[in-house]
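Below is query14.cif, holding mmCIF, C-alpha atoms.
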data_start
#
loop_
_atom_site.label_atom_id
_atom_site.label_comp_id
_atom_site.auth_asym_id
_atom_site.auth_seq_id
_atom_site.Cartn_x
_atom_site.Cartn_y
_atom_site.Cartn_z
CA MET A 19 -2.52 40.03 -1.97
CA GLU A 20 0.44 38.90 -4.06
CA ILE A 21 -0.87 35.32 -3.93
CA LYS A 22 -4.27 36.47 -5.18
CA LYS A 23 -2.58 38.39 -7.98
CA THR A 24 -0.55 35.33 -8.93
CA ILE A 25 -3.65 33.16 -8.96
CA ARG A 26 -5.40 35.62 -11.24
CA VAL A 27 -2.46 35.57 -13.65
CA ILE A 28 -2.34 31.77 -13.64
CA ALA A 29 -6.10 31.65 -14.04
CA PHE A 30 -5.71 33.88 -17.05
CA LEU A 31 -3.14 31.56 -18.58
CA VAL A 32 -5.46 28.62 -18.04
CA THR A 33 -8.25 30.65 -19.55
CA LEU A 34 -5.97 31.60 -22.40
CA VAL A 35 -4.99 28.01 -22.96
CA THR A 36 -8.57 28.09 -22.49
CA PHE A 37 -8.92 31.27 -24.27
CA CYS A 38 -10.45 29.32 -26.18
CA VAL A 39 -13.04 28.45 -24.26
CA SER A 40 -16.53 28.61 -25.28
CA CYS A 41 -19.89 27.91 -23.81
CA GLY A 42 -19.06 24.35 -23.55
CA GLY A 43 -20.82 21.36 -22.22
CA ASP A 44 -24.36 20.18 -22.44
CA ASP A 45 -25.54 21.60 -19.14
CA THR A 46 -29.06 22.93 -19.19
CA ASN A 47 -29.18 24.83 -15.93
CA ASP A 48 -30.36 28.41 -15.77
CA THR A 49 -26.86 29.85 -15.73
CA ASN A 50 -25.81 28.15 -18.92
CA ASN A 51 -29.14 28.97 -20.55
CA ASN A 52 -28.60 32.63 -19.74
CA GLN A 53 -25.07 32.45 -21.13
CA SER A 54 -26.28 30.80 -24.30
CA SER A 55 -28.83 33.55 -24.82
CA ASN A 56 -26.00 36.08 -24.70
CA LYS A 57 -23.66 34.23 -27.04
CA GLY A 58 -24.60 36.20 -30.11
CA SER A 59 -24.50 34.97 -33.66
CA GLU A 60 -21.39 33.21 -34.95
CA SER A 61 -21.31 35.84 -37.71
CA GLU A 62 -21.46 38.81 -35.31
CA THR A 63 -18.87 40.45 -33.15
CA LEU A 64 -19.46 39.80 -29.48
CA THR A 65 -19.44 42.43 -26.79
CA CYS A 66 -16.89 42.39 -24.02
CA ASP A 67 -19.46 41.03 -21.54
CA GLN A 68 -20.52 38.27 -23.92
CA GLN A 69 -16.91 37.24 -24.37
CA LYS A 70 -16.37 37.23 -20.60
CA GLN A 71 -19.28 34.82 -20.28
CA LYS A 72 -17.89 32.71 -23.08
CA LEU A 73 -14.40 32.58 -21.63
CA GLU A 74 -15.63 31.82 -18.13
CA ALA A 75 -17.93 29.01 -19.24
CA VAL A 76 -15.35 27.20 -21.30
CA ALA A 77 -12.58 27.75 -18.78
CA LYS A 78 -14.70 25.85 -16.27
CA GLU A 79 -15.49 23.13 -18.79
CA PHE A 80 -11.84 22.82 -19.78
CA MET A 81 -10.71 22.43 -16.17
CA SER A 82 -13.45 19.88 -15.50
CA TYR A 83 -11.53 17.38 -17.63
CA TYR A 84 -8.40 17.63 -15.51
CA HIS A 85 -9.43 16.52 -12.04
CA ALA A 86 -6.63 14.74 -10.19
CA SER A 87 -8.85 11.65 -9.85
CA ASN A 88 -8.23 11.01 -13.57
CA PHE A 89 -4.62 10.14 -12.74
CA GLN A 90 -4.97 8.83 -9.19
CA ASN A 91 -4.56 5.16 -10.12
CA VAL A 92 -1.20 5.75 -11.81
CA GLU A 93 0.09 7.89 -8.95
CA ASP A 94 -1.04 5.31 -6.37
CA LEU A 95 0.65 2.50 -8.27
CA LEU A 96 3.95 4.33 -8.61
CA ASP A 97 3.90 5.39 -4.95
CA TYR A 98 3.20 1.83 -3.83
CA ALA A 99 5.97 0.38 -6.02
CA GLN A 100 8.50 2.94 -4.81
CA TYR A 101 7.60 2.37 -1.17
CA THR A 102 7.38 -1.44 -1.34
CA TYR A 103 10.17 -2.57 -3.69
CA ASN A 104 13.07 -0.31 -2.71
CA ASP A 105 16.47 -1.57 -1.55
CA ASP A 106 15.49 -1.24 2.12
CA LYS A 107 12.81 -3.90 1.79
CA TYR A 108 14.00 -6.00 -1.16
CA ASP A 109 17.37 -7.49 -2.10
CA CYS A 110 18.41 -5.41 -5.13
CA ASP A 111 21.92 -6.83 -5.58
CA LYS A 112 21.10 -8.28 -9.00
CA VAL A 113 19.73 -4.95 -10.16
CA PHE A 114 22.84 -3.12 -8.98
CA SER A 115 25.28 -5.63 -10.51
CA TRP A 116 23.30 -5.58 -13.78
CA TRP A 117 23.53 -1.80 -13.82
CA ASP A 118 27.30 -1.89 -13.25
CA ASN A 119 27.71 -4.46 -16.04
CA CYS A 120 25.63 -2.28 -18.38
CA PHE A 121 27.86 0.70 -17.71
CA ASP A 122 30.96 -1.41 -18.27
CA ALA A 123 29.50 -2.52 -21.60
CA ILE A 124 28.91 1.03 -22.84
CA THR A 125 32.26 2.39 -21.62
CA LYS A 126 35.40 2.13 -23.74
CA LEU A 127 38.91 3.23 -22.75
CA ASN A 128 40.38 5.26 -25.62
CA SER A 129 43.69 6.34 -24.13
CA SER A 130 45.56 6.47 -20.84
CA GLU A 131 48.49 8.68 -19.87
CA GLY A 132 49.80 8.64 -16.32
CA TYR A 133 46.82 9.07 -14.05
CA THR A 134 44.54 10.48 -16.77
CA ASN A 135 42.12 8.19 -18.61
CA ASN A 136 40.02 9.11 -21.62
CA TYR A 137 36.83 7.14 -22.24
CA SER A 138 33.83 7.15 -24.54
CA ARG A 139 30.37 6.10 -23.39
CA ILE A 140 27.66 5.11 -25.86
CA TYR A 141 24.24 4.97 -24.24
CA ALA A 142 22.24 2.45 -26.25
CA ALA A 143 19.04 0.66 -25.26
CA SER A 144 20.51 -2.52 -26.71
CA ASN A 145 22.93 -2.58 -23.76
CA PHE A 146 20.18 -2.25 -21.16
CA LYS A 147 18.17 -5.47 -21.40
CA GLY A 148 16.78 -8.04 -19.04
CA HIS A 149 13.67 -9.00 -17.09
CA PHE A 150 13.44 -8.32 -13.37
CA ASN A 151 10.74 -9.76 -11.15
CA ALA A 152 10.06 -8.76 -7.55
CA ASN A 153 9.87 -12.14 -5.80
CA THR A 154 7.41 -11.65 -2.94
CA THR A 155 8.52 -14.92 -1.29
CA THR A 156 12.28 -14.34 -1.17
CA LYS A 157 11.97 -10.53 -1.04
CA ARG A 158 14.46 -10.03 -3.83
CA TRP A 159 14.58 -8.93 -7.45
CA ASP A 160 15.22 -11.93 -9.73
CA TYR A 161 16.88 -11.48 -13.11
CA THR A 162 16.53 -13.38 -16.41
CA PRO A 163 18.13 -12.44 -19.77
CA ALA A 164 15.74 -10.99 -22.37
CA SER A 165 15.65 -8.92 -25.57
CA ASP A 166 13.97 -5.94 -23.87
CA LEU A 167 13.94 -4.28 -20.46
CA GLN A 168 11.11 -5.10 -18.07
CA PHE A 169 10.34 -4.82 -14.37
CA SER A 170 7.45 -6.87 -12.96
CA PHE A 171 5.86 -6.55 -9.52
CA LYS A 172 2.55 -6.88 -7.68
CA ASP A 173 0.37 -3.95 -6.71
CA LYS A 174 -1.34 -3.79 -3.32
CA GLU A 175 -4.33 -5.76 -4.67
CA GLY A 176 -2.04 -8.52 -5.96
CA ASN A 177 -2.33 -7.64 -9.66
CA THR A 178 0.74 -8.20 -11.82
CA CYS A 179 2.21 -4.93 -13.08
CA THR A 180 4.98 -4.44 -15.62
CA ALA A 181 7.09 -1.51 -16.76
CA THR A 182 8.63 -2.21 -20.16
CA LEU A 183 11.04 -0.50 -22.54
CA ASN A 184 11.17 -1.70 -26.16
CA THR A 185 13.13 -0.26 -29.09
CA SER A 186 13.38 -1.24 -32.76
CA GLY A 187 14.65 -0.04 -36.13
CA ASN A 188 17.91 1.60 -37.13
CA THR A 189 19.82 3.77 -34.69
CA LYS A 190 21.70 7.03 -35.03
CA ARG A 191 24.71 7.82 -32.85
CA VAL A 192 24.69 11.39 -31.55
CA TYR A 193 27.33 13.19 -29.50
CA ILE A 194 25.87 14.66 -26.29
CA ASP A 195 28.58 16.17 -24.10
CA GLU A 196 31.71 15.55 -22.06
CA SER A 197 31.97 14.71 -18.38
CA SER A 198 34.69 13.94 -15.89
CA GLU A 199 35.22 12.35 -12.50
CA TYR A 200 37.98 12.38 -9.92
CA ASN A 201 38.91 9.09 -8.24
CA TRP A 202 40.98 8.61 -5.11
CA ASP A 203 42.32 5.24 -4.01
CA PRO A 204 43.14 5.62 -0.28
CA ARG A 205 44.89 2.24 -0.09
CA ALA A 206 47.39 3.10 -2.82
CA SER A 207 47.29 6.86 -2.17
CA ILE A 208 46.75 7.38 -5.88
CA SER A 209 44.35 9.74 -7.60
CA SER A 210 43.17 9.63 -11.19
CA ASN A 211 41.10 11.77 -13.51
CA ASN A 212 38.63 10.13 -15.87
CA TYR A 213 37.23 12.02 -18.86
CA TYR A 214 34.23 10.80 -20.85
CA LYS A 215 32.85 11.66 -24.26
CA ASN A 216 29.18 10.76 -24.10
CA TYR A 217 27.08 9.55 -27.02
CA ILE A 218 23.56 8.21 -27.34
CA GLU A 219 22.19 5.72 -29.86
CA ILE A 220 18.73 6.97 -30.80
CA PRO A 221 16.50 4.22 -32.24
CA GLU A 222 13.74 4.70 -34.80
CA ASN A 223 11.03 3.37 -32.49
CA ILE A 224 10.74 3.63 -28.72
CA ASN A 225 7.91 2.21 -26.61
CA ILE A 226 7.53 2.57 -22.86
CA ALA A 227 4.49 0.98 -21.24
CA LEU A 228 3.09 0.49 -17.75
CA THR A 229 0.52 -2.29 -17.47
CA ARG A 230 -1.62 -3.63 -14.67
CA ASP A 231 -3.33 -6.99 -14.91
CA GLY A 232 -2.62 -7.03 -18.65
CA SER A 233 -4.13 -3.60 -19.38
CA ILE A 234 -1.99 -0.60 -20.38
CA ILE A 235 -2.58 2.34 -18.05
CA ALA A 236 0.25 4.55 -19.31
CA SER A 237 2.47 4.47 -22.39
CA ILE A 238 4.82 6.53 -24.54
CA ASP A 239 5.42 5.79 -28.24
CA ILE A 240 8.11 7.71 -30.11
CA THR A 241 8.98 7.39 -33.78
CA THR A 242 12.05 9.22 -35.10
CA ASN A 243 13.45 10.05 -38.51
CA LEU A 244 17.10 10.87 -38.03
CA SER A 245 18.42 10.12 -41.52
CA ARG A 246 19.53 13.74 -42.01
CA MET A 247 20.79 14.32 -38.48
CA ASN A 248 24.33 15.62 -38.06
CA SER A 249 25.73 13.52 -35.23
CA ASP A 250 28.57 15.95 -34.44
CA ASN A 251 26.51 19.14 -34.38
CA LEU A 252 22.81 18.77 -33.63
CA SER A 253 22.07 22.35 -34.70
CA LYS A 254 23.31 21.62 -38.24
CA GLY A 255 21.16 18.55 -38.86
CA SER A 256 17.53 17.98 -39.78
CA TYR A 257 15.27 15.54 -38.00
CA SER A 258 11.67 14.80 -37.21
CA ALA A 259 9.67 12.73 -34.77
CA THR A 260 6.21 11.86 -33.58
CA CYS A 261 5.22 11.10 -30.01
CA LYS A 262 2.07 9.79 -28.35
CA ILE A 263 1.61 9.80 -24.57
CA ASN A 264 -1.33 7.94 -23.04
CA VAL A 265 -2.44 7.97 -19.42
CA ASN A 266 -5.71 6.11 -18.91
CA ASP A 267 -8.07 7.69 -21.48
CA PHE A 268 -5.99 10.87 -21.86
CA CYS A 269 -3.85 11.12 -24.99
CA MET A 270 -1.30 13.76 -25.92
CA THR A 271 -0.12 13.42 -29.52
CA PHE A 272 2.75 15.26 -31.16
CA SER A 273 1.87 14.40 -34.74
CA LYS A 274 4.82 16.44 -35.98
CA ILE A 275 8.05 17.53 -34.38
CA TYR A 276 10.39 18.90 -37.03
CA TYR A 277 13.70 20.76 -36.87
CA SER A 278 16.17 21.97 -39.48
CA PRO A 279 18.75 24.78 -39.56
CA ALA A 280 16.13 26.97 -41.30
CA ASN A 281 12.75 26.17 -39.70
CA ALA A 282 10.96 24.19 -37.03
CA GLU A 283 7.38 23.06 -36.45
CA VAL A 284 5.31 21.35 -33.77
CA ILE A 285 1.74 20.06 -34.05
CA LEU A 286 0.03 18.88 -30.87
CA THR A 287 -3.39 17.57 -29.85
CA MET A 288 -4.72 16.60 -26.42
CA GLU A 289 -7.73 14.32 -26.10
CA LYS A 290 -9.79 12.64 -23.41
CA GLY A 291 -11.53 9.67 -24.93
CA SER A 292 -13.13 10.92 -28.13
CA LYS A 293 -13.16 14.55 -26.96
CA THR A 294 -10.47 16.86 -28.41
CA LEU A 295 -9.46 19.30 -25.69
CA VAL A 296 -6.57 21.16 -27.31
CA SER A 297 -5.17 21.48 -30.83
CA MET A 298 -2.03 23.51 -31.29
CA SER A 299 0.51 24.23 -33.98
CA ALA A 300 3.62 26.39 -33.82
CA SER A 301 6.25 27.12 -36.45
CA ALA A 302 9.26 29.36 -36.84
CA ASN A 303 11.65 30.37 -39.60
CA TYR A 304 15.16 31.46 -38.73
CA SER A 305 18.70 31.84 -39.99
CA MET A 306 21.51 30.23 -38.05
CA ASN A 307 25.11 31.35 -38.24
CA ASN A 308 27.81 29.41 -36.44
CA ASN A 309 25.73 27.79 -33.72
CA ILE A 310 22.26 27.64 -32.24
CA GLN A 311 23.06 30.52 -29.86
CA ASP A 312 23.81 32.75 -32.85
CA THR A 313 20.38 32.56 -34.49
CA ASN A 314 18.14 35.23 -36.00
CA VAL A 315 14.52 34.17 -35.58
CA ASN A 316 12.29 35.59 -38.28
CA SER A 317 8.59 34.74 -38.49
CA VAL A 318 6.80 32.81 -35.75
CA ASN A 319 3.25 31.46 -36.06
CA LEU A 320 1.01 30.04 -33.35
CA SER A 321 -2.48 28.58 -33.53
CA LEU A 322 -4.36 27.29 -30.50
CA ASP A 323 -7.83 25.74 -30.45
CA ILE A 324 -9.57 24.82 -27.21
CA LEU A 325 -12.55 22.47 -27.19
CA GLY A 326 -13.12 23.11 -30.88
CA GLU A 327 -14.85 26.43 -30.24
CA ILE A 328 -12.39 29.26 -29.71
CA ARG A 329 -9.09 29.89 -31.40
CA LEU A 330 -6.10 32.01 -30.53
CA LYS A 331 -3.97 32.86 -33.56
CA GLY A 332 -0.75 34.81 -33.30
CA THR A 333 2.09 35.81 -35.58
CA CYS A 334 5.33 37.68 -35.11
CA SER A 335 7.01 38.75 -38.33
CA ASN A 336 10.47 38.91 -36.74
CA LEU A 337 10.95 37.57 -33.22
CA SER A 338 14.60 38.63 -32.95
CA ASN A 339 13.73 42.23 -33.80
CA PHE A 340 10.78 42.09 -31.40
CA THR A 341 13.11 40.95 -28.59
CA ASN A 342 15.61 43.67 -29.45
CA TYR A 343 12.90 46.35 -29.32
CA ILE A 344 11.78 45.14 -25.88
CA ASP A 345 15.39 45.06 -24.64
CA ASN A 346 16.01 48.59 -25.95
CA ALA A 347 12.79 49.81 -24.37
CA ASN A 348 13.89 48.44 -21.00
CA LYS A 349 17.22 50.24 -21.38
CA ASN A 350 15.29 53.49 -21.96
CA ASP A 351 12.68 53.05 -19.25
CA GLU A 352 13.31 56.58 -17.92
CA ASN A 353 12.90 58.22 -21.34
CA GLU A 354 9.20 58.38 -22.25
CA SER A 355 9.51 59.10 -25.97
CA ASN A 356 12.22 56.49 -26.59
CA TYR A 357 10.42 53.88 -24.52
CA LYS A 358 7.09 54.37 -26.30
CA SER A 359 8.82 54.34 -29.68
CA TYR A 360 10.43 50.95 -29.05
CA ILE A 361 7.16 49.47 -27.76
CA SER A 362 5.32 50.82 -30.82
CA GLN A 363 7.88 49.17 -33.11
CA ALA A 364 7.50 45.90 -31.20
CA ASN A 365 3.71 46.03 -31.58
CA ASP A 366 4.08 46.51 -35.34
CA LEU A 367 5.66 43.05 -35.51
CA ILE A 368 2.91 41.07 -33.72
CA ASN A 369 -0.65 40.19 -34.63
CA ILE A 370 -2.58 38.23 -32.00
CA GLY A 371 -6.30 37.60 -32.31
CA ILE A 372 -9.12 35.65 -30.70
CA TYR A 373 -11.76 33.98 -32.87
CA TYR A 374 -14.99 32.11 -32.14
CA GLY A 375 -15.86 29.54 -34.77
CA ASN A 376 -15.16 31.74 -37.79
CA ASP A 377 -12.65 34.22 -39.18
CA ILE A 378 -14.05 37.28 -37.40
CA LYS A 379 -11.44 38.65 -35.00
CA GLN A 380 -13.29 39.22 -31.73
CA ALA A 381 -10.37 40.57 -29.70
CA SER A 382 -6.70 41.37 -30.07
CA MET A 383 -3.70 41.80 -27.83
CA ASP A 384 -0.64 44.03 -27.83
CA LEU A 385 1.69 45.83 -25.42
CA GLU A 386 0.89 49.16 -23.83
CA PRO A 387 3.29 51.48 -21.94
CA PHE A 388 2.52 52.54 -18.36
CA GLN A 389 4.36 54.84 -16.01
CA LYS A 390 5.40 53.85 -12.53
CA ASP A 391 5.47 57.10 -10.57
CA SER A 392 6.01 57.03 -6.83
CA TYR A 393 8.03 58.83 -4.18
CA TYR A 394 10.89 56.36 -4.60
CA GLU A 395 11.00 55.74 -8.36
CA LYS A 396 9.73 56.82 -11.73
CA TYR A 397 10.06 54.72 -14.87
CA TRP A 398 8.13 53.20 -17.80
CA TYR A 399 7.06 49.59 -18.21
CA CYS A 400 4.63 47.71 -20.45
CA GLU A 401 1.89 45.12 -19.99
CA PRO A 402 -0.19 43.10 -22.43
CA VAL A 403 -3.54 44.73 -23.18
CA ILE A 404 -6.69 43.08 -24.49
CA LYS A 405 -8.89 44.99 -26.93
CA PHE A 406 -12.37 43.98 -28.11
CA SER A 407 -14.10 44.60 -31.41
CA ASP A 408 -16.87 46.62 -29.75
CA GLY A 409 -14.28 49.23 -28.79
CA THR A 410 -13.85 48.07 -25.19
CA SER A 411 -10.30 47.61 -23.96
CA TYR A 412 -8.67 46.67 -20.69
CA SER A 413 -5.39 48.25 -19.77
CA THR A 414 -4.16 45.04 -18.11
CA PHE A 415 -5.12 41.38 -18.14
CA GLU A 416 -5.55 41.62 -14.39
CA ALA A 417 -8.26 44.26 -14.85
CA PHE A 418 -10.15 42.08 -17.33
CA PHE A 419 -9.80 38.79 -15.45
CA ASP A 420 -10.95 40.28 -12.16
CA GLU A 421 -11.97 38.34 -9.07
CA THR A 422 -15.63 39.25 -9.55
CA SER A 423 -16.27 38.23 -13.16
CA PHE A 424 -14.03 35.17 -12.98
CA LYS A 425 -14.55 34.17 -9.37
CA ASP A 426 -15.77 30.68 -10.28
CA VAL A 427 -12.81 30.15 -12.62
CA ILE A 428 -10.34 31.22 -9.93
CA ASP A 429 -12.07 29.06 -7.31
CA ASN A 430 -12.09 26.05 -9.64
CA PHE A 431 -8.43 26.52 -10.44
CA GLU A 432 -7.52 26.77 -6.75
CA GLY A 433 -9.52 23.59 -6.22
CA LEU A 434 -7.54 21.79 -8.93
CA ILE A 435 -4.26 22.90 -7.38
CA ASN A 436 -5.39 21.55 -4.02
CA GLU A 437 -6.40 18.25 -5.61
CA TYR A 438 -2.98 17.73 -7.15
CA GLU A 439 -1.19 18.81 -4.00
CA LYS A 440 -3.11 16.16 -2.02
CA MET A 441 -2.41 13.53 -4.65
CA LEU A 442 1.32 14.24 -5.03
CA TYR A 443 2.19 15.16 -1.45
#
Full structure transcribed into structure tokens:
Amino acid sequence: MEIKKTIRVIAFLVTLVTFCVSCGGDDTNDTNNNQSSNKGSESETLTCDQQKQKLEAVAKEFMSYYHASNFQNVEDLLDYAQYTYNDDKYDCDKVFSWWDNCFDAITKLNSSEGYTNNYSRIYAASNFKGHFNANTTTKRWDYTPASDLQFSFKDKEGNTCTATLNTSGNTKRVYIDESSEYNWDPRASISSNNYYKNYIEIPENINIALTRDGSIIASIDITTNLSRMNSDNLSKGSYSATCKINVNDFCMTFSKIYYSPANAEVILTMEKGSKTLVSMSASANYSMNNNIQDTNVNSVNLSLDILGEIRLKGTCSNLSNFTNYIDNANKNDENESNYKSYISQANDLINIGIYYGNDIKQASMDLEPFQKDSYYEKYWYCEPVIKFSDGTSYSTFEAFFDETSFKDVIDNFEGLINEYEKMLY
């Protein structure tokens, strides 16, 4: 029963990231025709049942784009490479010695006192270069110097595949953390402690690509703007980036990733071919004191669009206060009036709505208190509640996304999970 409940919750999240789900697709079967007849006008509020039909239809359409078969070729290639070209079957001595030399190149001894050594390590792509080729005749990895990093090998059909890392532009050195290691030399009966300050050189442009027979099947492109980054304290600097991830004809694009000590923003789209599946933006304003752990988060805004038909828009006027109200409510879970008061104050800070193609709010969400009353315990807790414009409300998401109305969605989701389990395991 707990598994079924978990599946329903996950199905809801998919449907919510699908919340946004509308009578999608161009199917013309009787079911979809019946759903279309119940859609209602774009300028009208929809009933609870109409919205259930809408959510169910688009949830199924949304999941239809994510069958495991869309990524099977990449998974098969990586599995084959890992199984075929490992150090049990191929001579990897040149790879290992290259790796050791790279680490020697990025490691600098700063001071030494007795048996304690202090080092700095600067991880820079410029120190990790070279071309490696899996020689199928000699069963070894051959190395040649190069200006980038590349591994070449054959897939099971004999096609040439390459994994490449390229960087360009200016770099920014950023402090990451400190690490240490203990060494024992049994021959000399001497121990030593090595301490490392670790840095990374972040380049302006990063490209990672996996090709097969000359065609790119997966890639990552990152562009950074680190001109205002504080290398000693990341929380005090300002920086931005863009990132595009491609796998076959799927594309995930972060057109904006921005951070400063006062605000942050992310804009994301997911596409399959020419079809936009998801558009999302999130932003937050905050005030930071001494460090990132001591931060007061003020307003938070979220906008989510699925398949271009349904939008989820949410705001929280003060996230830190919202969190404090929830924490205080939990501390007063045996006091009904106090608990309900804190939940009411938390609800005053949030505004979450669902929209279908226009600015008419079709449903909203907030928190509602419930009492747990049994022989063993008695306390108050809260759950998110969905409320519709026609006056219908559901006391819990589980009640709304039941196994009857959303049976096909739950079955489809379970099917997707099984597909990925078979592919990955």
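Here CA of Glu437 in chain A and CA of Lys290 in chain A stand 19.0 Å from one another.
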Quick one: residues within 7 Å of Ile194 in chain A, only C-alpha atoms counted, chain neighbours fewer than 6 positions away excluded, as a list in words?
Asn216, Tyr217 and Ile218 of chain A
Do a neighbour search on Asn365 in chain A at 12 Å with only C-alpha atoms, toss out local chain neighbours closer than 6 positions, and write the hits as an NGL selection string.
:A and (333-337 or 339-341 or 343-344 or 358-359 or 382-387 or 400-403)
The PyMOL selection byres ((chain A and resi 85) around 10) - which residues does that actually catch in the file I just gave you? List them as an MDAnalysis selection string.
chainID A and resid 81:84 86:90 433:435 437:438
Quick one: everything within 12 Å of Tyr101 in chain A, counting all atoms listed in the file, minus sequence neighbours fewer than 6 positions away in the same chain. Send it as a PDB file with C-alpha atoms, in the coordinates of the input.
ATOM      1  CA  ASP A  94      -1.040   5.310  -6.370  1.00  0.00           C
ATOM      2  CA  LEU A  95       0.650   2.500  -8.270  1.00  0.00           C
ATOM      3  CA  LYS A 107      12.810  -3.900   1.790  1.00  0.00           C
ATOM      4  CA  TYR A 108      14.000  -6.000  -1.160  1.00  0.00           C
ATOM      5  CA  ASP A 173       0.370  -3.950  -6.710  1.00  0.00           C
ATOM      6  CA  LYS A 174      -1.340  -3.790  -3.320  1.00  0.00           C
TER       7      LYS A 174
END
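Using only C-alpha atoms, the set of residues no farther than 10 Å from the position (4.6, 53.4, -16.7) comprises Asp351, Glu352, Glu354, Tyr357, Lys358, Glu386, Pro387, Phe388, Gln389, Lys390, Asp391, Lys396, Tyr397, Trp398, Tyr399, Cys400 and Glu401 of chain A.
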Distance in Å - CA of Val318 in chain A versus CA of Pro279 in chain A
14.9 Å
Using the chain letters and numbers from this file, what does the PyMOL selection byres ((chain A and resi 291-293) around 7) select? Give the answer as a JSON list (two decimals) with C-alpha atoms, keeping the file's coordinate frame.
[["chain", "number", "residue", "atom", "x", "y", "z"],
["A", 267, "ASP", "CA", -8.07, 7.69, -21.48],
["A", 268, "PHE", "CA", -5.99, 10.87, -21.86],
["A", 289, "GLU", "CA", -7.73, 14.32, -26.10],
["A", 290, "LYS", "CA", -9.79, 12.64, -23.41],
["A", 294, "THR", "CA", -10.47, 16.86, -28.41],
["A", 295, "LEU", "CA", -9.46, 19.30, -25.69]]
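Reported to one decimal place, the separation of CA of Asn436 in chain A from CA of Asn177 in chain A is 29.9 Å.
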Among listed residues A:Met288, A:Ala181, A:Ala381, A:Ala142, nearest Arg230 in chain A (using only C-alpha atoms)
A:Ala181
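Counting all atoms listed in the file, the residue from A:Thr180, A:Asn135, A:Ser130, A:Thr102 that sits nearest to Arg158 in chain A is A:Thr102.
Neighbouring residues of Leu183 in chain A at 12 Å or closer, counting all atoms listed in the file and skipping chain neighbours under 4 positions away, are Ala143, Ser144, Phe146, Lys147, Gly148, His149, Ala164, Ser165, Asp166, Leu167, Gln168, Phe169, Asn223, Ile224, Asn225, Ile226, Ala227, Leu228, Thr229, Ser237, Ile238, Asp239 and Ile240 of chain A.
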Tell me which protein, DNA and RNA residues are within 12 Å of Ala282 in chain A, counting only C-alpha atoms, leaving out same-chain ones fewer than 2 positions away, and put them as a compact mmCIF listing (two decimals) with C-alpha atoms, keeping the file's coordinate frame.
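This went into selection_2.txt:
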# COMPACT_ATOMS: atom_id res chain seq x y z
CA SER A 253 22.07 22.35 -34.70
CA GLY A 255 21.16 18.55 -38.86
CA SER A 256 17.53 17.98 -39.78
CA TYR A 257 15.27 15.54 -38.00
CA SER A 258 11.67 14.80 -37.21
CA ALA A 259 9.67 12.73 -34.77
CA LYS A 274 4.82 16.44 -35.98
CA ILE A 275 8.05 17.53 -34.38
CA TYR A 276 10.39 18.90 -37.03
CA TYR A 277 13.70 20.76 -36.87
CA SER A 278 16.17 21.97 -39.48
CA PRO A 279 18.75 24.78 -39.56
CA ALA A 280 16.13 26.97 -41.30
CA VAL A 284 5.31 21.35 -33.77
CA ILE A 285 1.74 20.06 -34.05
CA SER A 299 0.51 24.23 -33.98
CA ALA A 300 3.62 26.39 -33.82
CA SER A 301 6.25 27.12 -36.45
CA ALA A 302 9.26 29.36 -36.84
CA ASN A 303 11.65 30.37 -39.60
CA TYR A 304 15.16 31.46 -38.73
CA SER A 305 18.70 31.84 -39.99
CA VAL A 315 14.52 34.17 -35.58
CA ASN A 316 12.29 35.59 -38.28
CA SER A 317 8.59 34.74 -38.49
CA VAL A 318 6.80 32.81 -35.75
CA ASN A 319 3.25 31.46 -36.06
Kindly resolve the PyMOL selection byres ((chain A and resi 287) around 6) on the present coordinates and return the residues as a list in words.
Met270, Thr271, Leu286, Met288, Val296 and Ser297 of chain A
With C-alpha atoms kept, could you save the residues just selected as a JSON list (two decimals), keeping the file's coordinate frame?
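The new file result.json reads:
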[["chain", "number", "residue", "atom", "x", "y", "z"],
["A", 270, "MET", "CA", -1.30, 13.76, -25.92],
["A", 271, "THR", "CA", -0.12, 13.42, -29.52],
["A", 286, "LEU", "CA", 0.03, 18.88, -30.87],
["A", 288, "MET", "CA", -4.72, 16.60, -26.42],
["A", 296, "VAL", "CA", -6.57, 21.16, -27.31],
["A", 297, "SER", "CA", -5.17, 21.48, -30.83]]
One residue among A:Asn248, A:Gln100, A:Asn353, A:Thr134 is nearest to Ser209 in chain A when using all atoms listed in the file, and that residue is A:Thr134
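For the set A:Asn281, A:Asn376, A:Asn212, A:Thr185, the residue with the smallest atom-to-atom gap to Thr242 in chain A is A:Thr185, counting only C-alpha atoms.
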